[in-house]
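Data file: target_27.cif. Format and content: mmCIF, C-alpha atoms.
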data_upload
#
loop_
_atom_site.label_atom_id
_atom_site.label_comp_id
_atom_site.auth_asym_id
_atom_site.auth_seq_id
_atom_site.Cartn_x
_atom_site.Cartn_y
_atom_site.Cartn_z
CA HIS Z 1195 -103.29 135.41 96.85
CA ASP Z 1196 -103.84 132.31 98.97
CA ALA Z 1197 -107.39 132.21 100.30
CA LEU Z 1198 -106.37 129.83 103.10
CA PRO Z 1199 -104.00 130.91 105.90
CA ILE Z 1200 -100.84 128.83 105.96
CA SER Z 1201 -101.84 127.12 109.23
CA ALA Z 1202 -105.27 126.17 107.91
CA ALA Z 1203 -103.94 124.92 104.60
CA ALA Z 1204 -101.23 122.92 106.32
CA ALA Z 1205 -103.78 121.38 108.66
CA LEU Z 1206 -105.72 120.06 105.69
CA GLY Z 1207 -102.79 117.77 104.97
CA THR Z 1208 -103.60 115.75 108.11
CA PHE Z 1209 -107.16 116.78 108.98
CA GLU Z 1210 -109.43 113.89 109.95
CA ALA Z 1211 -111.58 113.88 106.83
CA SER Z 1212 -111.41 111.70 103.76
CA PRO Z 1213 -108.39 112.29 101.49
CA GLU Z 1214 -110.84 113.06 98.68
CA SER Z 1215 -112.47 115.85 100.70
CA ARG Z 1216 -109.17 117.39 101.77
CA LEU Z 1217 -107.75 117.21 98.27
CA THR Z 1218 -110.85 118.85 96.79
CA VAL Z 1219 -110.38 121.86 99.08
CA LEU Z 1220 -106.67 122.12 98.29
CA LEU Z 1221 -107.18 121.87 94.53
CA ASP Z 1222 -109.90 124.52 94.69
CA GLN Z 1223 -107.39 126.82 96.36
CA LEU Z 1224 -104.59 125.95 93.96
CA GLN Z 1225 -106.73 126.81 90.95
CA GLU Z 1226 -106.94 130.38 92.28
CA THR Z 1227 -103.36 130.62 93.50
CA ALA Z 1228 -100.45 132.54 92.02
CA ASN Z 1229 -96.87 131.35 92.62
CA PHE Z 1230 -98.09 127.76 92.84
CA SER Z 1231 -94.98 126.20 94.32
CA TYR Z 1232 -94.72 128.73 97.15
CA SER Z 1233 -98.38 128.58 98.21
CA ALA Z 1234 -99.79 127.21 101.45
CA PRO Z 1235 -102.03 124.64 99.69
CA ALA Z 1236 -99.02 123.27 97.79
CA ALA Z 1237 -97.16 122.88 101.07
CA ALA Z 1238 -100.14 121.04 102.54
CA LEU Z 1239 -100.09 118.52 99.69
CA LYS Z 1240 -96.71 117.22 100.79
CA LYS Z 1241 -98.07 116.13 104.17
CA SER Z 1242 -100.09 113.27 102.69
CA CYS Z 1243 -98.20 112.17 99.58
CA ASP Z 1244 -99.16 108.51 99.65
CA GLU Z 1245 -102.85 109.34 100.04
CA PHE Z 1246 -102.97 112.13 97.50
CA TYR Z 1247 -100.82 110.67 94.71
CA PRO Z 1248 -103.33 108.08 93.36
CA LEU Z 1249 -106.14 110.65 93.60
CA LEU Z 1250 -104.15 113.28 91.72
CA LYS Z 1251 -103.12 110.75 89.08
CA ALA Z 1252 -106.76 109.77 88.55
CA ILE Z 1253 -107.83 113.41 88.17
CA ALA Z 1254 -105.02 114.16 85.71
CA GLU Z 1255 -106.00 111.19 83.55
CA ASP Z 1256 -109.78 111.79 83.70
CA VAL Z 1257 -110.89 113.31 80.39
CA GLU Z 1258 -114.24 114.23 81.96
CA GLN Z 1259 -112.54 116.62 84.38
CA ASP Z 1260 -112.06 120.32 83.68
CA GLU Z 1261 -108.75 120.73 81.83
CA ALA Z 1262 -107.43 123.34 84.25
CA ARG Z 1263 -108.20 120.97 87.11
CA ARG Z 1264 -106.31 118.19 85.35
CA GLY Z 1265 -103.35 120.49 84.79
CA ILE Z 1266 -103.29 121.55 88.42
CA ALA Z 1267 -103.44 117.90 89.47
CA LEU Z 1268 -100.34 117.21 87.36
CA LEU Z 1269 -98.45 120.12 88.89
CA SER Z 1270 -99.54 118.91 92.31
CA VAL Z 1271 -97.94 115.55 91.61
CA MET Z 1272 -94.70 117.41 90.95
CA GLU Z 1273 -95.13 119.16 94.33
CA LEU Z 1274 -95.39 115.78 96.04
CA MET Z 1275 -91.99 114.94 94.63
CA GLU Z 1276 -90.51 117.72 96.79
CA ASN Z 1277 -91.02 115.38 99.73
CA SER Z 1278 -87.71 113.49 99.89
CA GLU Z 1279 -89.29 110.40 101.44
CA PHE Z 1280 -91.81 110.16 98.61
CA ASN Z 1281 -89.32 110.96 95.84
CA THR Z 1282 -87.90 107.52 95.10
CA ASP Z 1283 -86.38 106.34 91.82
CA GLU Z 1284 -89.46 104.20 91.20
CA ARG Z 1285 -91.74 107.17 91.81
CA LYS Z 1286 -89.73 109.36 89.45
CA LEU Z 1287 -90.27 106.77 86.74
CA GLN Z 1288 -94.01 106.63 87.48
CA VAL Z 1289 -94.38 110.42 87.39
CA GLY Z 1290 -92.38 110.66 84.18
CA LYS Z 1291 -94.58 108.06 82.50
CA LEU Z 1292 -97.74 109.81 83.72
CA ALA Z 1293 -96.64 113.13 82.26
CA GLN Z 1294 -95.48 111.52 79.03
CA SER Z 1295 -98.91 109.92 78.57
CA LEU Z 1296 -100.58 113.35 78.75
CA VAL Z 1297 -98.30 115.47 76.56
CA GLY Z 1298 -99.70 114.44 73.16
CA GLU Z 1299 -101.72 116.55 70.75
CA GLU Z 1300 -104.91 114.69 71.61
CA GLN Z 1301 -104.86 116.34 75.05
CA PRO Z 1302 -106.12 119.90 75.83
CA ALA Z 1303 -103.40 122.55 75.69
CA THR Z 1304 -103.54 123.28 79.43
CA VAL Z 1305 -103.02 119.61 80.26
CA ARG Z 1306 -100.23 119.32 77.69
CA GLY Z 1307 -98.48 122.35 79.11
CA ALA Z 1308 -98.61 121.07 82.68
CA ALA Z 1309 -97.43 117.63 81.54
CA ALA Z 1310 -94.53 119.22 79.69
CA VAL Z 1311 -93.45 121.13 82.80
CA VAL Z 1312 -93.43 117.88 84.78
CA MET Z 1313 -91.58 116.06 81.99
CA ARG Z 1314 -88.74 118.57 82.08
CA SER Z 1315 -87.89 117.14 85.50
CA TYR Z 1316 -88.99 113.53 85.37
CA SER Z 1317 -89.19 112.21 81.80
CA PRO Z 1318 -86.53 109.68 80.75
CA ASP Z 1319 -86.18 111.43 77.36
CA LYS Z 1320 -86.16 115.02 78.67
CA ASP Z 1321 -82.68 115.56 77.23
CA SER Z 1322 -83.30 113.95 73.84
CA GLU Z 1323 -82.64 115.87 70.63
CA ASN Z 1324 -86.35 116.41 69.92
CA PRO Z 1325 -88.11 116.13 73.27
CA PRO Z 1326 -91.90 115.80 72.85
CA GLN Z 1327 -92.57 118.35 75.57
CA VAL Z 1328 -91.40 121.35 73.51
CA PRO Z 1329 -94.59 121.61 71.38
CA ALA Z 1330 -96.61 121.02 74.53
CA LEU Z 1331 -94.86 123.87 76.36
CA LEU Z 1332 -95.70 126.19 73.47
CA ALA Z 1333 -99.32 125.01 73.53
CA GLY Z 1334 -99.58 125.53 77.29
CA LEU Z 1335 -98.01 128.98 77.08
CA GLY Z 1336 -100.43 130.18 74.43
CA ASP Z 1337 -103.54 128.59 75.88
CA GLY Z 1338 -104.00 131.03 78.74
CA LYS Z 1339 -106.85 129.11 80.42
CA HIS Z 1340 -104.82 128.86 83.60
CA VAL Z 1341 -102.33 131.65 84.15
CA GLU Z 1342 -100.05 129.74 86.51
CA ILE Z 1343 -99.63 126.89 84.02
CA SER Z 1344 -98.82 129.39 81.26
CA ARG Z 1345 -96.29 131.08 83.55
CA LEU Z 1346 -94.61 127.77 84.33
CA CYS Z 1347 -94.44 126.99 80.60
CA ALA Z 1348 -92.75 130.34 79.98
CA ARG Z 1349 -90.22 129.70 82.73
CA SER Z 1350 -89.49 126.22 81.42
CA ILE Z 1351 -88.94 127.55 77.89
CA ALA Z 1352 -86.38 130.02 79.21
CA TYR Z 1353 -84.72 127.72 81.75
CA ASN Z 1354 -84.21 125.03 79.13
CA GLU Z 1355 -83.07 127.58 76.52
CA ILE Z 1356 -85.73 126.57 74.00
CA ALA Z 1357 -85.05 129.27 71.42
CA GLU Z 1358 -87.89 128.14 69.18
CA GLY Z 1359 -90.22 129.33 71.92
CA ILE Z 1360 -89.15 132.97 71.60
CA PRO Z 1361 -91.81 133.93 68.99
CA ALA Z 1362 -94.51 132.47 71.24
CA LEU Z 1363 -93.12 134.40 74.21
CA ILE Z 1364 -93.15 137.63 72.20
CA LYS Z 1365 -96.75 137.05 71.19
CA THR Z 1366 -97.68 136.46 74.82
CA LEU Z 1367 -96.48 139.97 75.68
CA GLU Z 1368 -99.83 141.11 74.26
CA VAL Z 1369 -101.86 139.48 77.05
CA GLU Z 1370 -103.64 141.63 79.62
CA ASN Z 1371 -102.68 139.53 82.64
CA GLU Z 1372 -99.74 141.35 84.24
CA SER Z 1373 -98.49 138.34 86.18
CA LEU Z 1374 -98.11 136.30 82.98
CA ARG Z 1375 -96.67 139.22 81.05
CA ASP Z 1376 -94.07 139.90 83.76
CA THR Z 1377 -93.00 136.25 83.72
CA VAL Z 1378 -92.67 136.34 79.93
CA ILE Z 1379 -90.56 139.51 80.09
CA ASP Z 1380 -88.21 137.80 82.55
CA ALA Z 1381 -88.08 134.74 80.31
CA LEU Z 1382 -87.11 136.82 77.28
CA ALA Z 1383 -84.46 138.62 79.33
CA ASP Z 1384 -82.93 135.23 80.21
CA PHE Z 1385 -82.36 134.56 76.51
CA GLU Z 1386 -80.24 137.73 76.27
CA ASP Z 1387 -79.22 138.61 72.69
CA VAL Z 1388 -80.95 135.52 71.26
CA ALA Z 1389 -84.25 137.30 72.00
CA THR Z 1390 -83.43 140.33 69.86
CA ASP Z 1391 -86.76 140.08 68.01
CA ALA Z 1392 -88.50 141.02 71.26
CA ILE Z 1393 -86.99 144.52 71.34
CA PRO Z 1394 -89.83 146.34 69.48
CA ALA Z 1395 -92.49 144.81 71.72
CA LEU Z 1396 -90.47 145.61 74.84
CA LEU Z 1397 -89.96 149.21 73.73
CA LYS Z 1398 -93.73 149.51 73.45
CA ILE Z 1399 -94.17 148.22 77.01
CA ALA Z 1400 -91.49 150.68 78.15
CA LYS Z 1401 -94.05 153.40 77.35
CA ASN Z 1402 -96.75 151.79 79.50
CA PRO Z 1403 -98.47 154.17 81.96
CA LYS Z 1404 -97.60 151.86 84.87
CA ALA Z 1405 -94.07 152.39 86.20
CA THR Z 1406 -93.53 148.76 87.18
CA ASN Z 1407 -94.32 147.66 83.63
CA ARG Z 1408 -91.86 150.21 82.24
CA THR Z 1409 -89.19 149.06 84.69
CA ASP Z 1410 -89.61 145.38 83.78
CA ALA Z 1411 -89.40 146.08 80.05
CA ILE Z 1412 -86.32 148.28 80.47
CA PHE Z 1413 -84.60 145.53 82.44
CA ALA Z 1414 -85.20 143.05 79.62
CA ILE Z 1415 -84.05 145.52 76.96
CA GLY Z 1416 -80.76 145.93 78.80
CA ARG Z 1417 -80.29 142.18 79.26
CA ILE Z 1418 -80.93 141.52 75.56
CA GLY Z 1419 -78.64 144.40 74.65
CA THR Z 1420 -79.16 144.42 70.88
CA GLN Z 1421 -80.58 146.90 68.35
CA HIS Z 1422 -78.81 149.79 70.09
CA GLU Z 1423 -79.79 152.14 67.24
CA ILE Z 1424 -83.35 152.15 68.55
CA THR Z 1425 -82.90 151.19 72.20
CA MET Z 1426 -80.35 153.87 73.16
CA PRO Z 1427 -82.56 156.84 72.18
CA ALA Z 1428 -85.52 155.29 73.98
CA LEU Z 1429 -83.51 154.49 77.10
CA THR Z 1430 -81.95 157.95 77.12
CA ALA Z 1431 -85.40 159.52 77.00
CA LEU Z 1432 -86.41 157.41 79.99
CA LEU Z 1433 -83.72 159.08 82.08
CA SER Z 1434 -86.26 161.87 82.48
CA ASP Z 1435 -89.08 159.55 83.57
CA GLU Z 1436 -91.18 160.66 86.55
CA SER Z 1437 -90.43 157.40 88.37
CA GLU Z 1438 -87.10 157.07 90.18
CA TYR Z 1439 -87.23 153.30 89.72
CA VAL Z 1440 -87.65 153.72 85.96
CA ARG Z 1441 -84.79 156.22 85.79
CA ASN Z 1442 -82.47 153.95 87.77
CA GLN Z 1443 -83.34 150.93 85.60
CA ALA Z 1444 -82.74 153.02 82.47
CA VAL Z 1445 -79.23 153.84 83.70
CA THR Z 1446 -78.49 150.15 84.25
CA ALA Z 1447 -79.94 149.20 80.86
CA ILE Z 1448 -77.90 151.89 79.10
CA ALA Z 1449 -74.75 150.54 80.73
CA ASP Z 1450 -75.65 147.03 79.60
CA VAL Z 1451 -76.25 148.12 76.00
CA VAL Z 1452 -73.05 150.19 75.93
CA VAL Z 1453 -70.94 147.27 77.17
CA THR Z 1454 -72.64 144.71 74.92
CA ASN Z 1455 -72.08 146.80 71.80
CA ASP Z 1456 -68.80 148.49 72.82
CA LEU Z 1457 -70.37 151.93 72.32
CA ASP Z 1458 -69.04 155.38 73.08
CA ALA Z 1459 -71.16 156.59 76.01
CA SER Z 1460 -69.72 160.13 76.20
CA SER Z 1461 -72.92 161.72 74.86
CA VAL Z 1462 -75.10 159.93 77.41
CA ILE Z 1463 -72.96 160.42 80.53
CA PRO Z 1464 -73.94 164.10 81.08
CA LYS Z 1465 -77.62 163.11 81.08
CA ILE Z 1466 -76.99 160.41 83.64
CA VAL Z 1467 -74.91 162.60 85.93
#

Transcribe the structure of this file into structure tokens.
Amino acid sequence: HDALPISAAAALGTFEASPESRLTVLLDQLQETANFSYSAPAAALKKSCDEFYPLLKAIAEDVEQDEARRGIALLSVMELMENSEFNTDERKLQVGKLAQSLVGEEQPATVRGAAAVVMRSYSPDKDSENPPQVPALLAGLGDGKHVEISRLCARSIAYNEIAEGIPALIKTLEVENESLRDTVIDALADFEDVATDAIPALLKIAKNPKATNRTDAIFAIGRIGTQHEITMPALTALLSDESEYVRNQAVTAIADVVVTNDLDASSVIPKIV
């Protein structure tokens, strides 16, 4: 989805124009980019860390700026930290304090969500019993004003095993954006049986007209593995799906559910074979 070729985006990191001009172009691209961390504009940011950091910090803190822009600026600061020469202990402390200052309820949800993602890596209290970034992650997930920020919030909720975020993840399954929905499905799958409340919503997606959506939902149903009374009949029916990918995923999910619940699979085996 990157509008700039990798070579052009990378060149902007050292192009002979003002840092402000180069950063404006890169941020414009990043606001339209999926898979933020793997994009060409994000890679270009790392070429001029010392120039870009104060500019990004100023944008993130500027309440007059568009909230999505501020959120992207925060995530861009985190990208700078991938540069090992820039990532010093002092800088980690600075970035953690910046994110912590923007995670409060007085900030827009998109900014809070981005700040929370950064805090999970760089805040001094990220491992405290009641880290302040948890409510912010939930706010950023549900805001939806910038899909990539919502996706990163979903991933952070799953990676950090924040079980209180499961209801918010389930609700997000209702969104129309497939990229966000796919990320949320993967996040719920990572929770395994803890995400059992997601089963009804996932079964609904397993009936979606699009085969890739059905496949993703089936994968998560198998990983969660619970509520076999309703998942096994649905998965068995999907063995006759028109899509080979869906059929294969249904076989794997059935095996997962059988093993998780120590079920007798003799009635299903003939349909698989």

- Item | Point-to-point distance in Å for CA of Ile1351 in chain Z and CA of Ala1262 in chain Z |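 So the two atoms, CA of Ala1262 in chain Z and CA of Ile1351 in chain Z, lie 20.0 Å apart.
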
- Item | Nearby residues, (-97.4, 135.8, 87.1) file frame, 10 Å, all atoms listed in the file, as JSON, numbers by chain | {"Z": [1228, 1229, 1230, 1341, 1342, 1343, 1344, 1345, 1346, 1371, 1372, 1373, 1374, 1375, 1376, 1377, 1378]}

- Between CA of Val1369 in chain Z and CA of Ala1254 in chain Z, what is the spacing in Å?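 Taking CA of Ala1254 in chain Z as the start and CA of Val1369 in chain Z as the end point, the length is 26.9 Å.
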
- Two-atom distance - CA of Val1257 in chain Z, CA of Pro1302 in chain Z (Å): 9.3 Å

- Message: Taking all atoms listed in the file into account, name the residue in Z:Thr1406, Z:Thr1425, Z:Thr1227, Z:Thr1366 that is nearest to Ile1393 in chain Z.
- Response: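 For Ile1393 in chain Z, the nearest of the given residues is Z:Thr1425.
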
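When the PyMOL selection byres ((chain Z and resi 1316) around 6) is run on the displayed coordinates, the residues it returns are Lys1286, Gly1290, Met1313, Ser1315 and Ser1317 of chain Z.
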
- Can you list, as a list of chain:residue names, every protein, DNA or RNA residue that comes within 7 Å of range 1264-1272 of chain Z when you count only C-alpha atoms, leaving out same-chain residues fewer than 3 positions away?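 The neighbour list is Z:Gln1225, Z:Tyr1247, Z:Leu1250, Z:Ile1253, Z:Ala1254, Z:Gln1259, Z:Asp1260, Z:Glu1261, Z:Met1275, Z:Thr1304, Z:Val1305, Z:Ala1308, Z:Ala1309, Z:Val1312.
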
- Hey, what comes out of the PyMOL selection byres ((chain Z and resi 1451-1462) around 7) on this file? Could you write it as a count of residues only? 12

- Task: Counting only C-alpha atoms, figure out which residue out of Z:Thr1409, Z:Ser1212, Z:Gln1294, Z:Asn1281 gets nearest to Ala1444 in chain Z.
- Result: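 The answer is Z:Thr1409, which sits nearest to Ala1444 in chain Z.
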
- Task: Using only C-alpha atoms, determine which residues lie at most 7 Å from range 1240-1245 of chain Z, disregarding the query and same-chain residues fewer than 2 positions distant; provide the list as a list of chain:residue names.
- Result: Z:Gly1207, Z:Thr1208, Z:Pro1213, Z:Ala1237, Z:Ala1238, Z:Tyr1247, Z:Pro1248, Z:Glu1273, Z:Leu1274, Z:Asn1277, Z:Phe1280

- For Asp1256 in chain Z, the nearest of the candidates Z:Leu1296, Z:Ala1414, Z:Ala1352, Z:Ala1303, counting all atoms listed in the file: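 Ranked by minimum distance to Asp1256 in chain Z, first place goes to Z:Leu1296.
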
- Query: Which one is closest to Asp1435 in chain Z: Z:Ala1362, Z:Ala1411, Z:Ala1357, Z:Ala1405? Count all atoms listed in the file.
  - Reply: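 Under the stated criterion, the closest residue is Z:Ala1405.
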
- Selection result of the PyMOL selection byres ((chain Z and resi 1299) around 12) on this file, as a PyMOL selection string: chain Z and resi 1294-1298+1300-1307+1309-1310+1326-1334

- Message: Using all atoms listed in the file for the distances, tell me which of Z:Asn1442, Z:Asn1407, Z:Ser1437, Z:Thr1218 is nearest to Leu1239 in chain Z.
- Response: Z:Thr1218

- Query: Hey, can you pull every residue with an atom no more than 12 Å from (-87.7, 158.9, 82.5), using all atoms listed in the file, and send it as a count of residues only?
  - Reply: 29

Could I get range 1355-1456 of chain Z from the block written out with C-alpha atoms, as an mmCIF file, in the first residue's frame?
data_model
loop_
_atom_site.group_PDB
_atom_site.id
_atom_site.type_symbol
_atom_site.label_atom_id
_atom_site.label_comp_id
_atom_site.auth_asym_id
_atom_site.auth_seq_id
_atom_site.Cartn_x
_atom_site.Cartn_y
_atom_site.Cartn_z
ATOM 1 C CA GLU Z 1355 -2.202 -10.902 27.569
ATOM 2 C CA ILE Z 1356 -4.566 -8.142 28.671
ATOM 3 C CA ALA Z 1357 -7.653 -10.288 29.197
ATOM 4 C CA GLU Z 1358 -9.831 -7.317 30.094
ATOM 5 C CA GLY Z 1359 -9.444 -6.246 26.483
ATOM 6 C CA ILE Z 1360 -11.242 -9.312 25.115
ATOM 7 C CA PRO Z 1361 -14.756 -7.755 25.151
ATOM 8 C CA ALA Z 1362 -13.419 -4.763 23.213
ATOM 9 C CA LEU Z 1363 -11.746 -7.086 20.710
ATOM 10 C CA ILE Z 1364 -15.000 -9.001 20.240
ATOM 11 C CA LYS Z 1365 -16.897 -5.782 19.626
ATOM 12 C CA THR Z 1366 -14.306 -4.741 17.053
ATOM 13 C CA LEU Z 1367 -15.120 -7.850 15.007
ATOM 14 C CA GLU Z 1368 -18.155 -5.875 13.807
ATOM 15 C CA VAL Z 1369 -16.063 -3.313 11.905
ATOM 16 C CA GLU Z 1370 -16.108 -3.259 8.113
ATOM 17 C CA ASN Z 1371 -12.356 -2.787 7.672
ATOM 18 C CA GLU Z 1372 -10.986 -6.249 6.869
ATOM 19 C CA SER Z 1373 -7.409 -5.429 7.828
ATOM 20 C CA LEU Z 1374 -8.457 -4.433 11.353
ATOM 21 C CA ARG Z 1375 -10.878 -7.326 11.663
ATOM 22 C CA ASP Z 1376 -8.209 -9.841 10.602
ATOM 23 C CA THR Z 1377 -5.797 -8.457 13.193
ATOM 24 C CA VAL Z 1378 -8.469 -8.714 15.890
ATOM 25 C CA ILE Z 1379 -9.236 -12.320 14.929
ATOM 26 C CA ASP Z 1380 -5.536 -13.171 15.280
ATOM 27 C CA ALA Z 1381 -5.430 -11.371 18.626
ATOM 28 C CA LEU Z 1382 -8.379 -13.371 19.948
ATOM 29 C CA ALA Z 1383 -6.787 -16.594 18.724
ATOM 30 C CA ASP Z 1384 -3.658 -15.752 20.740
ATOM 31 C CA PHE Z 1385 -5.754 -15.727 23.920
ATOM 32 C CA GLU Z 1386 -6.800 -19.338 23.242
ATOM 33 C CA ASP Z 1387 -9.465 -20.638 25.654
ATOM 34 C CA VAL Z 1388 -9.524 -17.354 27.610
ATOM 35 C CA ALA Z 1389 -11.314 -15.835 24.598
ATOM 36 C CA THR Z 1390 -14.197 -18.314 24.706
ATOM 37 C CA ASP Z 1391 -16.775 -15.494 24.611
ATOM 38 C CA ALA Z 1392 -15.638 -14.738 21.056
ATOM 39 C CA ILE Z 1393 -16.887 -18.074 19.698
ATOM 40 C CA PRO Z 1394 -20.405 -16.913 18.645
ATOM 41 C CA ALA Z 1395 -19.028 -13.906 16.771
ATOM 42 C CA LEU Z 1396 -16.366 -16.035 15.095
ATOM 43 C CA LEU Z 1397 -18.939 -18.623 14.034
ATOM 44 C CA LYS Z 1398 -20.856 -15.824 12.356
ATOM 45 C CA ILE Z 1399 -17.732 -14.740 10.443
ATOM 46 C CA ALA Z 1400 -17.159 -18.384 9.477
ATOM 47 C CA LYS Z 1401 -20.289 -18.004 7.313
ATOM 48 C CA ASN Z 1402 -18.945 -14.915 5.534
ATOM 49 C CA PRO Z 1403 -19.167 -15.049 1.714
ATOM 50 C CA LYS Z 1404 -15.427 -14.378 1.425
ATOM 51 C CA ALA Z 1405 -13.304 -17.516 1.815
ATOM 52 C CA THR Z 1406 -10.367 -15.736 3.453
ATOM 53 C CA ASN Z 1407 -12.671 -14.388 6.154
ATOM 54 C CA ARG Z 1408 -14.076 -17.864 6.770
ATOM 55 C CA THR Z 1409 -10.569 -19.312 6.955
ATOM 56 C CA ASP Z 1410 -9.377 -16.716 9.487
ATOM 57 C CA ALA Z 1411 -12.393 -17.257 11.734
ATOM 58 C CA ILE Z 1412 -12.034 -21.040 11.598
ATOM 59 C CA PHE Z 1413 -8.382 -20.752 12.588
ATOM 60 C CA ALA Z 1414 -9.317 -18.723 15.665
ATOM 61 C CA ILE Z 1415 -12.140 -21.102 16.602
ATOM 62 C CA GLY Z 1416 -9.672 -23.976 16.599
ATOM 63 C CA ARG Z 1417 -7.088 -22.073 18.636
ATOM 64 C CA ILE Z 1418 -9.676 -21.097 21.253
ATOM 65 C CA GLY Z 1419 -10.987 -24.657 21.282
ATOM 66 C CA THR Z 1420 -13.949 -24.202 23.614
ATOM 67 C CA GLN Z 1421 -17.742 -24.554 23.287
ATOM 68 C CA HIS Z 1422 -17.342 -27.749 21.255
ATOM 69 C CA GLU Z 1423 -21.102 -28.369 21.429
ATOM 70 C CA ILE Z 1424 -21.621 -25.573 18.912
ATOM 71 C CA THR Z 1425 -18.247 -25.401 17.164
ATOM 72 C CA MET Z 1426 -17.980 -29.070 16.130
ATOM 73 C CA PRO Z 1427 -21.233 -29.124 14.107
ATOM 74 C CA ALA Z 1428 -20.283 -25.858 12.420
ATOM 75 C CA LEU Z 1429 -16.748 -27.010 11.646
ATOM 76 C CA THR Z 1430 -17.992 -30.363 10.368
ATOM 77 C CA ALA Z 1431 -20.359 -28.590 7.985
ATOM 78 C CA LEU Z 1432 -17.436 -26.544 6.681
ATOM 79 C CA LEU Z 1433 -15.726 -29.729 5.523
ATOM 80 C CA SER Z 1434 -18.010 -29.425 2.502
ATOM 81 C CA ASP Z 1435 -17.100 -25.796 1.801
ATOM 82 C CA GLU Z 1436 -16.408 -24.863 -1.827
ATOM 83 C CA SER Z 1437 -12.984 -23.492 -0.876
ATOM 84 C CA GLU Z 1438 -10.117 -25.950 -0.427
ATOM 85 C CA TYR Z 1439 -8.435 -23.532 1.987
ATOM 86 C CA VAL Z 1440 -11.570 -23.403 4.135
ATOM 87 C CA ARG Z 1441 -11.893 -27.195 4.117
ATOM 88 C CA ASN Z 1442 -8.259 -27.669 5.111
ATOM 89 C CA GLN Z 1443 -8.530 -25.106 7.917
ATOM 90 C CA ALA Z 1444 -11.711 -26.802 9.149
ATOM 91 C CA VAL Z 1445 -9.825 -30.100 9.426
ATOM 92 C CA THR Z 1446 -7.099 -28.444 11.488
ATOM 93 C CA ALA Z 1447 -9.632 -26.664 13.697
ATOM 94 C CA ILE Z 1448 -11.562 -29.890 14.297
ATOM 95 C CA ALA Z 1449 -8.342 -31.587 15.376
ATOM 96 C CA ASP Z 1450 -7.599 -28.706 17.743
ATOM 97 C CA VAL Z 1451 -11.068 -28.844 19.312
ATOM 98 C CA VAL Z 1452 -10.941 -32.638 19.636
ATOM 99 C CA VAL Z 1453 -7.571 -32.547 21.400
ATOM 100 C CA THR Z 1454 -8.493 -29.599 23.636
ATOM 101 C CA ASN Z 1455 -11.687 -31.273 24.834
ATOM 102 C CA ASP Z 1456 -10.527 -34.919 24.664
#
